[in-house]
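Asker: Sending over a structure as structure tokens; questions will come in a sec.
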Amino acid sequence: LSKRYSASSLDSISKADVGKYVKLPSLKLLPEGLCGNTADEFDLTNENSVQIREQTVNLLSKLRAFAKGDGKTTLDPFMLVEGVRGCGKSTLLNTAALYARENGWIVMFAKNPRDWISEKHALEFGTNTALAVFPSEVSKGKFGQ
């Protein structure tokens with residue numbers, strides 16, 4: 001059972017931890033609540049832990065490098081996270097928000113981003129809906145939101 005869990009914290013996970021689980025810091029850091037179905041994963045493990053995925057390692061490594069001020073790492077003003085249902089999008093976002101708050105960053109977090117999307121913004125993209133959509137880089141010919 002111990003091989004299934006990483007001894008690392010969010011501050012030190014690496015590619016060697018992919019596929020293992022990590023206990024998350026206090027969920028009090030996310031008073032807004034969790035986005036997606038991350039709570040379902042908590043039910044499966046009987047604790048506040050999530051499986052470490054490669055995308056999570058990549059994002060947290062980038063955040064760590066940016067925070068250290070290495071001069072090479074920049075952060076994009078926004079990031080599109082897309083994928084099929086259940087692939088870990090919400091877990092990635094919850095984990096990144098927890099990591100950032102645990103390390104003193106100011107985080108604007110919406111567990112339901114649709115709450116922040118205005119119809120005016122969507123109309124500028126020509127969708128005539130209340131959802132902002134962008135051409136998908138993963139699924140050619142489709143859109144992400």
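In the structure tokens, chains take letters A, B, ... by order of appearance, with residues numbered from 1 within each chain and ligands from 1 in the order shown.
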Quick one: residues within 8 Å of stretch 25-37 of chain A, only C-alpha atoms counted, chain neighbours fewer than 5 positions away excluded, as number ranges by chain?

Answerer: A: 90-91, 93-94, 97-99, 101-102, 109-112

Asker: Using only C-alpha atoms, which protein or nucleic acid residues come within 6 Å of stretch 20-23 of chain A? Drop anything in the same chain fewer than 6 positions from it, and give the result as a ChimeraX atom specification.

Answerer: /A:4-6,48-52

Asker: Take the residues from that selection and put them in a file with all heavy atoms, as a PDB file, in the first residue's frame.

Answerer:
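New file result-v5.pdb:
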ATOM      1  N   ARG A   4       1.819   2.888  -3.269  1.00  0.00           N
ATOM      2  CA  ARG A   4       0.747   3.576  -3.979  1.00  0.00           C
ATOM      3  C   ARG A   4       0.734   5.062  -3.650  1.00  0.00           C
ATOM      4  O   ARG A   4       0.257   5.873  -4.435  1.00  0.00           O
ATOM      5  CB  ARG A   4      -0.578   2.942  -3.585  1.00  0.00           C
ATOM      6  CG  ARG A   4      -1.756   3.505  -4.279  1.00  0.00           C
ATOM      7  CD  ARG A   4      -2.988   2.759  -3.885  1.00  0.00           C
ATOM      8  NE  ARG A   4      -4.089   3.705  -3.873  1.00  0.00           N
ATOM      9  CZ  ARG A   4      -5.329   3.387  -3.711  1.00  0.00           C
ATOM     10  NH1 ARG A   4      -5.660   2.145  -3.497  1.00  0.00           N
ATOM     11  NH2 ARG A   4      -6.259   4.291  -3.722  1.00  0.00           N
ATOM     12  N   TYR A   5       1.260   5.437  -2.485  1.00  0.00           N
ATOM     13  CA  TYR A   5       1.238   6.826  -2.054  1.00  0.00           C
ATOM     14  C   TYR A   5       2.616   7.442  -2.154  1.00  0.00           C
ATOM     15  O   TYR A   5       3.616   6.814  -1.852  1.00  0.00           O
ATOM     16  CB  TYR A   5       0.719   6.941  -0.616  1.00  0.00           C
ATOM     17  CG  TYR A   5      -0.758   6.681  -0.551  1.00  0.00           C
ATOM     18  CD1 TYR A   5      -1.235   5.392  -0.400  1.00  0.00           C
ATOM     19  CD2 TYR A   5      -1.657   7.717  -0.710  1.00  0.00           C
ATOM     20  CE1 TYR A   5      -2.593   5.141  -0.381  1.00  0.00           C
ATOM     21  CE2 TYR A   5      -3.021   7.475  -0.696  1.00  0.00           C
ATOM     22  CZ  TYR A   5      -3.483   6.188  -0.527  1.00  0.00           C
ATOM     23  OH  TYR A   5      -4.820   5.947  -0.528  1.00  0.00           O
ATOM     24  N   SER A   6       2.636   8.691  -2.574  1.00  0.00           N
ATOM     25  CA  SER A   6       3.879   9.434  -2.651  1.00  0.00           C
ATOM     26  C   SER A   6       4.160  10.042  -1.290  1.00  0.00           C
ATOM     27  O   SER A   6       3.260  10.528  -0.619  1.00  0.00           O
ATOM     28  CB  SER A   6       3.732  10.557  -3.683  1.00  0.00           C
ATOM     29  OG  SER A   6       4.800  11.437  -3.577  1.00  0.00           O
ATOM     30  N   ASN A  48      -8.329  12.953   1.621  1.00  0.00           N
ATOM     31  CA  ASN A  48      -8.168  14.033   0.647  1.00  0.00           C
ATOM     32  C   ASN A  48      -6.858  13.854  -0.111  1.00  0.00           C
ATOM     33  O   ASN A  48      -5.884  14.549   0.131  1.00  0.00           O
ATOM     34  CB  ASN A  48      -8.206  15.392   1.342  1.00  0.00           C
ATOM     35  CG  ASN A  48      -9.561  15.696   1.924  1.00  0.00           C
ATOM     36  OD1 ASN A  48     -10.548  15.045   1.602  1.00  0.00           O
ATOM     37  ND2 ASN A  48      -9.618  16.668   2.799  1.00  0.00           N
ATOM     38  N   SER A  49      -6.866  12.896  -1.001  1.00  0.00           N
ATOM     39  CA  SER A  49      -5.684  12.667  -1.823  1.00  0.00           C
ATOM     40  C   SER A  49      -6.118  12.494  -3.273  1.00  0.00           C
ATOM     41  O   SER A  49      -7.241  12.096  -3.553  1.00  0.00           O
ATOM     42  CB  SER A  49      -4.918  11.429  -1.335  1.00  0.00           C
ATOM     43  OG  SER A  49      -5.714  10.272  -1.454  1.00  0.00           O
ATOM     44  N   VAL A  50      -5.212  12.843  -4.172  1.00  0.00           N
ATOM     45  CA  VAL A  50      -5.488  12.721  -5.600  1.00  0.00           C
ATOM     46  C   VAL A  50      -4.335  12.001  -6.278  1.00  0.00           C
ATOM     47  O   VAL A  50      -3.203  12.015  -5.797  1.00  0.00           O
ATOM     48  CB  VAL A  50      -5.690  14.102  -6.276  1.00  0.00           C
ATOM     49  CG1 VAL A  50      -6.946  14.780  -5.756  1.00  0.00           C
ATOM     50  CG2 VAL A  50      -4.491  14.998  -6.104  1.00  0.00           C
ATOM     51  N   GLN A  51      -4.658  11.377  -7.395  1.00  0.00           N
ATOM     52  CA  GLN A  51      -3.613  10.713  -8.162  1.00  0.00           C
ATOM     53  C   GLN A  51      -2.790  11.763  -8.893  1.00  0.00           C
ATOM     54  O   GLN A  51      -3.332  12.702  -9.476  1.00  0.00           O
ATOM     55  CB  GLN A  51      -4.218   9.743  -9.167  1.00  0.00           C
ATOM     56  CG  GLN A  51      -3.171   8.897  -9.867  1.00  0.00           C
ATOM     57  CD  GLN A  51      -3.790   7.853 -10.765  1.00  0.00           C
ATOM     58  OE1 GLN A  51      -4.803   8.103 -11.398  1.00  0.00           O
ATOM     59  NE2 GLN A  51      -3.168   6.697 -10.819  1.00  0.00           N
ATOM     60  N   ILE A  52      -1.490  11.601  -8.839  1.00  0.00           N
ATOM     61  CA  ILE A  52      -0.582  12.530  -9.507  1.00  0.00           C
ATOM     62  C   ILE A  52      -0.500  12.150 -10.978  1.00  0.00           C
ATOM     63  O   ILE A  52      -0.147  11.028 -11.316  1.00  0.00           O
ATOM     64  CB  ILE A  52       0.821  12.484  -8.863  1.00  0.00           C
ATOM     65  CG1 ILE A  52       0.726  12.851  -7.387  1.00  0.00           C
ATOM     66  CG2 ILE A  52       1.778  13.419  -9.590  1.00  0.00           C
ATOM     67  CD1 ILE A  52       1.969  12.521  -6.602  1.00  0.00           C
TER      68      ILE A  52
END

Asker: Could you please determine the separation between atom CA of A:Arg64 and atom CA of A:Val84 in Å, to one decimal place?

Answerer: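 These two atoms are separated by 27.3 Å.
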